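Enquirer: Below is a structure I'd like to ask you about.
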Amino acid sequence: MKYILLVLVTSLSTWVFSQEKVSWVVSYNAPENQIEFRATIADGWHLYSQFIQNDIGPVPTAFVFNENEAVKWSGAVQEPEAIHAYDENFEASLDFFKNQAVFTRKIATGSKGTITGYITYMVCNEIMCLPPVDESFTVTIP
């Protein structure tokens, strides 16, 4: 009986605390000549901005790109307008996204090849936060 209870508690905690609260789709948008990072955020959770404006808050979302001499960038990663609201977890007003957010980075004309890297992000709901996660990505520019 104790074994069954242990398995049940472990399975439940794995499900509750799993970092499947954000799903990422990374793609190349040819007409705009940019990489798009589309985050779909689970109901009740929020993803933090790249630009956290205090030093006590969560880990901001960050995009890390591996070197590729065939790819030249035209600016930094852009993000949509964030929600600026009080966050109970950090007792501060912070910038975050709910439901969905699309981050973009423009590519210089003539760039081609495969872009690899990872996204570091952290999510919270109204009562708790999950540890930061690094999620790898690969996208090809034809």
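By order of appearance in the structure tokens: chains A, B, ..., then residues from 1 within every chain, and ligands from 1 in the order shown.
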Give me the residues within 7 Å of Ser27 in chain A as JSON, numbers by chain, counting only C-alpha atoms and dropping any in the same chain fewer than 6 places off.

Expert: {"A": [35, 36, 37, 139]}

Enquirer: Out of range 3-141 of chain A, which residues get strand (DSSP E) from DSSP, as a PyMOL selection string?

Expert: chain A and resi 22-29+34-41+46-48+62-65+83-87+92-98+100-106+113-121+123-124+133-141

Enquirer: DSSP says alpha helix (DSSP H) for which residues of chain A? Put them as a list in words?

Expert: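 Alpha helix (DSSP H) members of chain A, listed: Lys2, Tyr3, Ile4, Leu5, Leu6, Val7, Leu8, Val9, Thr10, Ser11, Leu12, Ser13, Thr14, Trp15, Val16 and Phe17 of chain A.
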
Enquirer: Skipping near chain neighbours, those fewer than 5 positions away, what residues fall within 9 Å of Thr104 in chain A using only C-alpha atoms, listed as a list in words?

Expert: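 Near Thr104 in chain A, the qualifying residues are Gln34, Ile35, Glu36, Phe37, Arg38, Ala76, Val77, Gln78, Glu79 and Pro80 of chain A.
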
Enquirer: Taking into account only C-alpha atoms, which residue in the set A:Ile52, A:Val22, A:Val59, A:Ala92 is nearest to Pro131 in chain A?

Expert: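 The answer is A:Val59, which sits nearest to Pro131 in chain A.
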
Enquirer: Select, from A:Cys129, A:Ala62, A:Glu81, A:Val71, the residue with the minimum atom-to-atom distance to Gly113 in chain A, counting only C-alpha atoms.

Expert: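 The shortest atom-to-atom distance to Gly113 in chain A comes from A:Val71.
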